[in-house]
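work-v9.cif (mmCIF, C-alpha atoms)
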```
data_protein
loop_
_atom_site.group_PDB
_atom_site.id
_atom_site.type_symbol
_atom_site.label_atom_id
_atom_site.label_comp_id
_atom_site.auth_asym_id
_atom_site.auth_seq_id
_atom_site.Cartn_x
_atom_site.Cartn_y
_atom_site.Cartn_z
ATOM 1 C CA MET A 1 62.055 -94.847 -168.890
ATOM 2 C CA HIS A 2 63.544 -92.986 -165.941
ATOM 3 C CA LYS A 3 66.191 -90.593 -167.356
ATOM 4 C CA ILE A 4 68.946 -89.384 -165.079
ATOM 5 C CA LEU A 5 70.905 -86.372 -166.318
ATOM 6 C CA VAL A 6 74.495 -86.326 -165.089
ATOM 7 C CA PRO A 7 76.629 -83.287 -165.922
ATOM 8 C CA VAL A 8 80.270 -84.400 -166.000
ATOM 9 C CA ASP A 9 83.269 -82.102 -165.878
ATOM 10 C CA GLY A 10 86.004 -84.598 -165.063
ATOM 11 C CA SER A 11 86.170 -83.633 -161.390
ATOM 12 C CA GLY A 12 86.165 -86.102 -158.517
ATOM 13 C CA HIS A 13 82.775 -84.761 -157.398
ATOM 14 C CA ALA A 14 81.307 -85.427 -160.843
ATOM 15 C CA LEU A 15 82.699 -88.960 -160.819
ATOM 16 C CA LYS A 16 81.062 -89.623 -157.438
ATOM 17 C CA ALA A 17 77.783 -88.191 -158.748
ATOM 18 C CA LEU A 18 78.029 -90.510 -161.755
ATOM 19 C CA GLN A 19 78.485 -93.495 -159.443
ATOM 20 C CA ILE A 20 75.375 -92.513 -157.456
ATOM 21 C CA ALA A 21 73.414 -92.008 -160.688
ATOM 22 C CA CYS A 22 74.462 -95.478 -161.854
ATOM 23 C CA ASP A 23 73.322 -96.961 -158.547
ATOM 24 C CA LEU A 24 69.915 -95.284 -159.012
ATOM 25 C CA ALA A 25 69.642 -96.358 -162.644
ATOM 26 C CA ASP A 26 70.562 -99.915 -161.722
ATOM 27 C CA LYS A 27 68.061 -100.091 -158.898
ATOM 28 C CA TYR A 28 65.160 -98.353 -160.647
ATOM 29 C CA GLY A 29 65.752 -99.304 -164.274
ATOM 30 C CA GLY A 30 66.904 -95.936 -165.513
ATOM 31 C CA GLN A 31 69.014 -94.534 -168.306
ATOM 32 C CA ILE A 32 71.990 -92.226 -167.773
ATOM 33 C CA VAL A 33 72.223 -89.116 -169.950
ATOM 34 C CA LEU A 34 75.653 -87.469 -169.834
ATOM 35 C CA LEU A 35 76.288 -83.789 -170.472
ATOM 36 C CA HIS A 36 79.550 -81.881 -170.671
ATOM 37 C CA VAL A 37 79.723 -78.105 -170.882
ATOM 38 C CA LEU A 38 83.012 -76.964 -172.400
ATOM 39 C CA ALA A 39 85.451 -75.553 -169.883
ATOM 40 C CA GLY A 40 85.657 -71.918 -170.884
ATOM 41 C CA ARG A 41 87.414 -70.662 -167.774
ATOM 42 C CA ARG A 42 89.741 -73.537 -166.958
ATOM 43 C CA GLN A 43 93.467 -73.299 -167.488
ATOM 44 C CA ALA A 44 95.449 -76.118 -169.092
ATOM 45 C CA GLY A 45 97.025 -77.034 -165.743
ATOM 46 C CA GLU A 46 93.584 -77.443 -164.172
ATOM 47 C CA LEU A 47 92.531 -79.761 -166.995
ATOM 48 C CA LEU A 48 95.686 -81.847 -166.595
ATOM 49 C CA ALA A 49 94.985 -82.152 -162.856
ATOM 50 C CA LEU A 50 91.506 -83.659 -163.369
ATOM 51 C CA PRO A 51 91.050 -87.232 -162.107
ATOM 52 C CA VAL A 52 90.089 -88.300 -165.655
ATOM 53 C CA ALA A 53 93.238 -86.767 -167.201
ATOM 54 C CA SER A 54 94.858 -90.201 -167.140
ATOM 55 C CA MET A 55 92.338 -91.123 -169.861
ATOM 56 C CA PHE A 56 93.504 -88.282 -172.155
ATOM 57 C CA SER A 57 95.549 -89.326 -175.168
ATOM 58 C CA ALA A 58 99.285 -88.722 -175.027
ATOM 59 C CA LYS A 59 98.919 -86.082 -177.745
ATOM 60 C CA LEU A 60 96.200 -84.225 -175.805
ATOM 61 C CA LYS A 61 98.331 -84.254 -172.650
ATOM 62 C CA GLU A 62 101.279 -82.951 -174.662
ATOM 63 C CA VAL A 63 99.232 -80.096 -176.141
ATOM 64 C CA LEU A 64 97.828 -79.163 -172.734
ATOM 65 C CA ALA A 65 101.312 -79.186 -171.197
ATOM 66 C CA ALA A 66 102.587 -76.911 -173.987
ATOM 67 C CA VAL A 67 99.699 -74.474 -173.497
ATOM 68 C CA ASP A 68 100.152 -74.582 -169.715
ATOM 69 C CA GLY A 69 103.794 -73.608 -170.045
ATOM 70 C CA LYS A 70 102.850 -70.506 -172.030
ATOM 71 C CA LEU A 71 99.977 -69.476 -169.733
ATOM 72 C CA ALA A 72 97.910 -69.016 -172.904
ATOM 73 C CA PRO A 73 94.175 -69.680 -173.153
ATOM 74 C CA VAL A 74 93.225 -73.241 -174.007
ATOM 75 C CA PRO A 75 92.259 -73.317 -177.715
ATOM 76 C CA ASP A 76 88.658 -74.271 -178.526
ATOM 77 C CA SER A 77 89.770 -77.414 -180.368
ATOM 78 C CA VAL A 78 91.653 -78.588 -177.277
ATOM 79 C CA ARG A 79 88.719 -77.793 -174.960
ATOM 80 C CA LYS A 80 86.521 -79.847 -177.289
ATOM 81 C CA ALA A 81 88.974 -82.774 -177.231
ATOM 82 C CA VAL A 82 89.019 -82.632 -173.410
ATOM 83 C CA GLY A 83 85.203 -82.576 -173.316
ATOM 84 C CA GLU A 84 84.981 -85.551 -175.656
ATOM 85 C CA ALA A 85 87.466 -87.477 -173.500
ATOM 86 C CA ILE A 86 85.455 -86.692 -170.357
ATOM 87 C CA LEU A 87 82.226 -87.883 -172.011
ATOM 88 C CA LYS A 88 83.910 -91.027 -173.313
ATOM 89 C CA HIS A 89 85.239 -91.811 -169.848
ATOM 90 C CA GLY A 90 81.738 -91.371 -168.395
ATOM 91 C CA GLU A 91 80.191 -93.567 -171.089
ATOM 92 C CA GLU A 92 82.719 -96.317 -170.403
ATOM 93 C CA ARG A 93 82.030 -96.256 -166.661
ATOM 94 C CA VAL A 94 78.260 -96.508 -167.198
ATOM 95 C CA THR A 95 78.550 -99.177 -169.891
ATOM 96 C CA ARG A 96 80.732 -101.339 -167.610
ATOM 97 C CA ARG A 97 77.817 -101.324 -165.167
ATOM 98 C CA GLY A 98 75.467 -102.598 -167.900
ATOM 99 C CA ILE A 99 73.346 -99.449 -167.819
ATOM 100 C CA GLU A 100 71.958 -97.732 -170.891
ATOM 101 C CA VAL A 101 73.776 -94.459 -171.551
ATOM 102 C CA GLU A 102 73.406 -91.536 -173.920
ATOM 103 C CA ALA A 103 76.010 -88.792 -174.271
ATOM 104 C CA LEU A 104 74.648 -85.458 -175.451
ATOM 105 C CA ASP A 105 76.559 -83.212 -177.820
ATOM 106 C CA LEU A 106 79.082 -80.936 -176.153
ATOM 107 C CA GLU A 107 77.607 -77.690 -174.892
ATOM 108 C CA SER A 108 79.166 -74.294 -174.376
ATOM 109 C CA GLY A 109 78.065 -71.292 -172.392
ATOM 110 C CA ASP A 110 76.822 -70.955 -168.852
ATOM 111 C CA PRO A 111 76.986 -74.407 -167.221
ATOM 112 C CA ALA A 112 73.812 -74.010 -165.148
ATOM 113 C CA ASP A 113 71.777 -72.758 -168.100
ATOM 114 C CA SER A 114 73.089 -75.585 -170.296
ATOM 115 C CA ILE A 115 72.165 -78.174 -167.660
ATOM 116 C CA LEU A 116 68.681 -76.735 -167.231
ATOM 117 C CA LEU A 117 68.085 -76.683 -170.997
ATOM 118 C CA ALA A 118 69.343 -80.267 -171.358
ATOM 119 C CA HIS A 119 67.069 -81.357 -168.507
ATOM 120 C CA LYS A 120 64.029 -80.065 -170.390
ATOM 121 C CA ARG A 121 65.218 -81.265 -173.799
ATOM 122 C CA VAL A 122 65.729 -84.906 -172.739
ATOM 123 C CA GLY A 123 62.876 -85.053 -170.225
ATOM 124 C CA ALA A 124 65.136 -85.983 -167.326
ATOM 125 C CA THR A 125 63.272 -87.054 -164.205
ATOM 126 C CA THR A 126 66.378 -86.654 -162.046
ATOM 127 C CA ILE A 127 69.585 -84.615 -162.133
ATOM 128 C CA VAL A 128 72.561 -85.977 -160.225
ATOM 129 C CA MET A 129 75.583 -83.701 -160.070
ATOM 130 C CA GLY A 130 78.542 -82.822 -157.930
ATOM 131 C CA CYS A 131 78.196 -79.639 -155.951
ATOM 132 C CA ARG A 132 81.831 -78.658 -156.419
ATOM 133 C CA GLY A 133 83.104 -78.752 -159.963
ATOM 134 C CA ALA A 134 86.531 -78.687 -161.499
ATOM 135 C CA SER A 135 86.678 -74.901 -161.625
ATOM 136 C CA LYS A 136 87.205 -72.743 -158.575
ATOM 137 C CA ALA A 137 85.605 -69.895 -160.540
ATOM 138 C CA GLU A 138 82.190 -71.546 -160.461
ATOM 139 C CA HIS A 139 81.303 -69.854 -157.206
ATOM 140 C CA SER A 140 80.494 -66.173 -157.300
ATOM 141 C CA SER A 141 78.186 -63.651 -155.710
ATOM 142 C CA PHE A 142 75.467 -65.106 -157.970
ATOM 143 C CA GLY A 143 75.776 -68.606 -156.480
ATOM 144 C CA SER A 144 77.140 -71.904 -157.640
ATOM 145 C CA VAL A 145 76.127 -73.927 -160.668
ATOM 146 C CA SER A 146 74.507 -76.646 -158.564
ATOM 147 C CA HIS A 147 72.590 -74.111 -156.486
ATOM 148 C CA LYS A 148 71.128 -72.473 -159.601
ATOM 149 C CA VAL A 149 70.232 -75.847 -161.136
ATOM 150 C CA PHE A 150 68.631 -77.159 -157.952
ATOM 151 C CA GLU A 151 66.680 -73.952 -157.529
ATOM 152 C CA GLN A 152 65.291 -73.878 -161.092
ATOM 153 C CA ALA A 153 64.987 -77.518 -162.185
ATOM 154 C CA THR A 154 61.521 -79.052 -162.267
ATOM 155 C CA CYS A 155 62.693 -82.530 -161.306
ATOM 156 C CA THR A 156 64.403 -84.284 -158.432
ATOM 157 C CA CYS A 157 67.991 -83.119 -157.927
ATOM 158 C CA LEU A 158 70.700 -84.924 -156.010
ATOM 159 C CA SER A 159 74.188 -83.819 -155.160
#
```
Target encoding structure tokens, full file:
Amino acid sequence: MHKILVPVDGSGHALKALQIACDLADKYGGQIVLLHVLAGRRQAGELLALPVASMFSAKLKEVLAAVDGKLAPVPDSVRKAVGEAILKHGEERVTRRGIEVEALDLESGDPADSILLAHKRVGATTIVMGCRGASKAEHSSFGSVSHKVFEQATCTCLS
């Protein structure tokens, strides 16, 4: 079966990439494989501003708002809850389309490296991802996440 890896970070670009991946899976009989890499550099305010934040539980929104007010780092447990909510939102969108979906376990670390490892682990034939993520810090002198993935992946990549 054609496996399409879709890294999701809750951003609008990731949601558009997921829609394109669903269109491909629908047309060519593929399966969507979702991946979320925990947001290590994002502030609570950035997480609350994500398009998928409306799907967060009231308690999660409350915790994020409290952390945002203190300008403290987002605790690991909260980052995990955000990641799980983002994956759940992605699963629901794919399932509504009647497409087979698998959500991988949450990852942490370098997003590009995590995506490349997941691509090999699941045998993805295509990676569809947004080229601008939720974090403004993703771009550096070393290049963006999507650039690194597209340069090193051994499958078709779409952005």
Would you write out, as a short mmCIF file (atom, residue, chain, number, x, y, z; two decimals) with C-alpha atoms, keeping the file's coordinate frame, every residue that the PyMOL selection byres ((chain A and resi 105-114) around 6) captures in this file?
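Just written: out.cif:
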```cif
data_model
loop_
_atom_site.label_atom_id
_atom_site.label_comp_id
_atom_site.auth_asym_id
_atom_site.auth_seq_id
_atom_site.Cartn_x
_atom_site.Cartn_y
_atom_site.Cartn_z
CA HIS A 36 79.55 -81.88 -170.67
CA VAL A 37 79.72 -78.10 -170.88
CA LEU A 38 83.01 -76.96 -172.40
CA LEU A 104 74.65 -85.46 -175.45
CA ILE A 115 72.17 -78.17 -167.66
CA LEU A 116 68.68 -76.74 -167.23
CA LEU A 117 68.08 -76.68 -171.00
CA VAL A 145 76.13 -73.93 -160.67
CA VAL A 149 70.23 -75.85 -161.14
#
```
May I ask for the distance between atom CA of Gly29 of chain A and atom CA of Val128 of chain A, given in Å to one decimal place?
15.5 Å
Centre, edges in Å (one decimal): axis-aligned box, segment 59-73 of chain A, 8 Å padding on all six sides, as JSON:
```
{"center_x": 99.0, "center_y": -77.5, "center_z": -173.7, "size_x": 25.6, "size_y": 33.1, "size_z": 24.0}
```
Which residue out of A:Gly45, A:Pro51, A:Gly69, A:Gly30 has the minimum interatomic distance to Gly90 of chain A when all atoms listed in the file are used?
A:Pro51
Applying the PyMOL selection byres ((chain A and resi 10) around 7) to the file I just gave you, which residues come out? Please list them as a ChimeraX atom specification.
/A:8-9,11-12,14-15,50-52,86,134
Write out as JSON, numbers by chain each polymer residue whose atoms come within 10 Å of His119 of chain A, counting all atoms listed in the file; drop sequence neighbours fewer than 4 positions from it.
{"A": [3, 4, 5, 6, 33, 35, 113, 114, 115, 123, 124, 125, 126, 127, 149, 153, 154, 155]}
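Minimum atom-to-atom distance to Arg96 of chain A, evaluated using all atoms listed in the file, belongs to A:Cys22 out of A:Cys157, A:Ala81, A:Cys22, A:Ala39.
Of the listed residues A:Gln31, A:Val74, A:Ala17, A:Asp23, the one whose atoms come nearest to Glu100 of chain A is A:Gln31, with distances taken using all atoms listed in the file.
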Go through A:Leu158, A:Val82, A:Val122, A:Ala66 and flag the residue nearest Glu102 of chain A, using all atoms listed in the file for the distances.
A:Val122
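Take atom CA of Lys59 of chain A and atom CA of Ala85 of chain A: the distance between them is 12.3 Å.
The result of the PyMOL selection byres ((chain A and resi 57) around 12) on the shown file is Leu48, Val52, Ala53, Ser54, Met55, Phe56, Ala58, Lys59, Leu60, Lys61, Glu62, Val63, Leu64, Val78, Ala81, Val82, Glu84, Ala85, Ile86, Lys88 and His89 of chain A.
What separates atom CA of Asp76 of chain A from atom CA of Ala49 of chain A is a distance of 18.6 Å.
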Got a minute to add all heavy atoms to segment 119-130 of chain A and dump it as a short mmCIF file (atom, residue, chain, number, x, y, z; two decimals), in the frame of the given file?
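To be explicit, this is the file written out as rebuild.cif:
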```cif
data_model
loop_
_atom_site.label_atom_id
_atom_site.label_comp_id
_atom_site.auth_asym_id
_atom_site.auth_seq_id
_atom_site.Cartn_x
_atom_site.Cartn_y
_atom_site.Cartn_z
N HIS A 119 68.07 -80.69 -169.34
CA HIS A 119 67.07 -81.36 -168.51
C HIS A 119 65.70 -81.33 -169.19
O HIS A 119 65.01 -82.34 -169.28
CB HIS A 119 67.03 -80.68 -167.13
CG HIS A 119 65.72 -80.70 -166.43
ND1 HIS A 119 64.90 -79.59 -166.40
CD2 HIS A 119 65.08 -81.67 -165.76
CE1 HIS A 119 63.81 -79.89 -165.72
NE2 HIS A 119 63.90 -81.14 -165.33
N LYS A 120 65.33 -80.18 -169.71
CA LYS A 120 64.03 -80.06 -170.39
C LYS A 120 64.04 -80.80 -171.72
O LYS A 120 63.06 -81.47 -172.07
CB LYS A 120 63.68 -78.60 -170.59
CG LYS A 120 63.35 -77.89 -169.29
CD LYS A 120 63.04 -76.43 -169.50
CE LYS A 120 62.78 -75.77 -168.15
NZ LYS A 120 62.56 -74.34 -168.28
N ARG A 121 65.13 -80.67 -172.47
CA ARG A 121 65.22 -81.26 -173.80
C ARG A 121 65.11 -82.79 -173.76
O ARG A 121 64.44 -83.39 -174.59
CB ARG A 121 66.52 -80.83 -174.45
CG ARG A 121 66.64 -81.18 -175.91
CD ARG A 121 67.86 -80.56 -176.59
NE ARG A 121 69.12 -81.07 -176.05
CZ ARG A 121 70.00 -80.32 -175.38
NH1 ARG A 121 69.80 -79.04 -175.18
NH2 ARG A 121 71.11 -80.86 -174.92
N VAL A 122 65.74 -83.43 -172.79
CA VAL A 122 65.73 -84.91 -172.74
C VAL A 122 64.63 -85.46 -171.85
O VAL A 122 64.42 -86.66 -171.81
CB VAL A 122 67.09 -85.47 -172.29
CG1 VAL A 122 68.19 -85.02 -173.22
CG2 VAL A 122 67.41 -85.15 -170.85
N GLY A 123 63.93 -84.58 -171.12
CA GLY A 123 62.88 -85.05 -170.22
C GLY A 123 63.42 -85.80 -169.03
O GLY A 123 62.84 -86.80 -168.59
N ALA A 124 64.53 -85.32 -168.49
CA ALA A 124 65.14 -85.98 -167.33
C ALA A 124 64.20 -85.90 -166.12
O ALA A 124 63.62 -84.86 -165.85
CB ALA A 124 66.48 -85.33 -166.99
N THR A 125 64.09 -87.02 -165.42
CA THR A 125 63.27 -87.05 -164.20
C THR A 125 64.12 -86.80 -162.97
O THR A 125 63.59 -86.53 -161.90
CB THR A 125 62.57 -88.42 -164.06
OG1 THR A 125 63.55 -89.45 -164.13
CG2 THR A 125 61.55 -88.61 -165.18
N THR A 126 65.45 -86.88 -163.14
CA THR A 126 66.38 -86.65 -162.05
C THR A 126 67.66 -86.04 -162.61
O THR A 126 68.09 -86.40 -163.70
CB THR A 126 66.73 -87.98 -161.33
OG1 THR A 126 65.53 -88.63 -160.92
CG2 THR A 126 67.61 -87.75 -160.11
N ILE A 127 68.26 -85.13 -161.83
CA ILE A 127 69.58 -84.62 -162.13
C ILE A 127 70.48 -84.99 -160.96
O ILE A 127 70.13 -84.73 -159.81
CB ILE A 127 69.59 -83.08 -162.31
CG1 ILE A 127 68.69 -82.65 -163.47
CG2 ILE A 127 71.02 -82.56 -162.53
CD1 ILE A 127 68.50 -81.15 -163.58
N VAL A 128 71.59 -85.64 -161.26
CA VAL A 128 72.56 -85.98 -160.22
C VAL A 128 73.87 -85.30 -160.62
O VAL A 128 74.39 -85.55 -161.70
CB VAL A 128 72.77 -87.50 -160.09
CG1 VAL A 128 73.79 -87.81 -159.01
CG2 VAL A 128 71.45 -88.21 -159.80
N MET A 129 74.36 -84.42 -159.74
CA MET A 129 75.58 -83.70 -160.07
C MET A 129 76.39 -83.39 -158.83
O MET A 129 75.84 -83.34 -157.72
CB MET A 129 75.26 -82.40 -160.82
CG MET A 129 74.42 -81.40 -160.05
SD MET A 129 73.91 -79.97 -161.02
CE MET A 129 75.46 -79.10 -161.24
N GLY A 130 77.68 -83.24 -159.02
CA GLY A 130 78.54 -82.82 -157.93
C GLY A 130 78.26 -81.37 -157.59
O GLY A 130 77.85 -80.59 -158.45
#
```
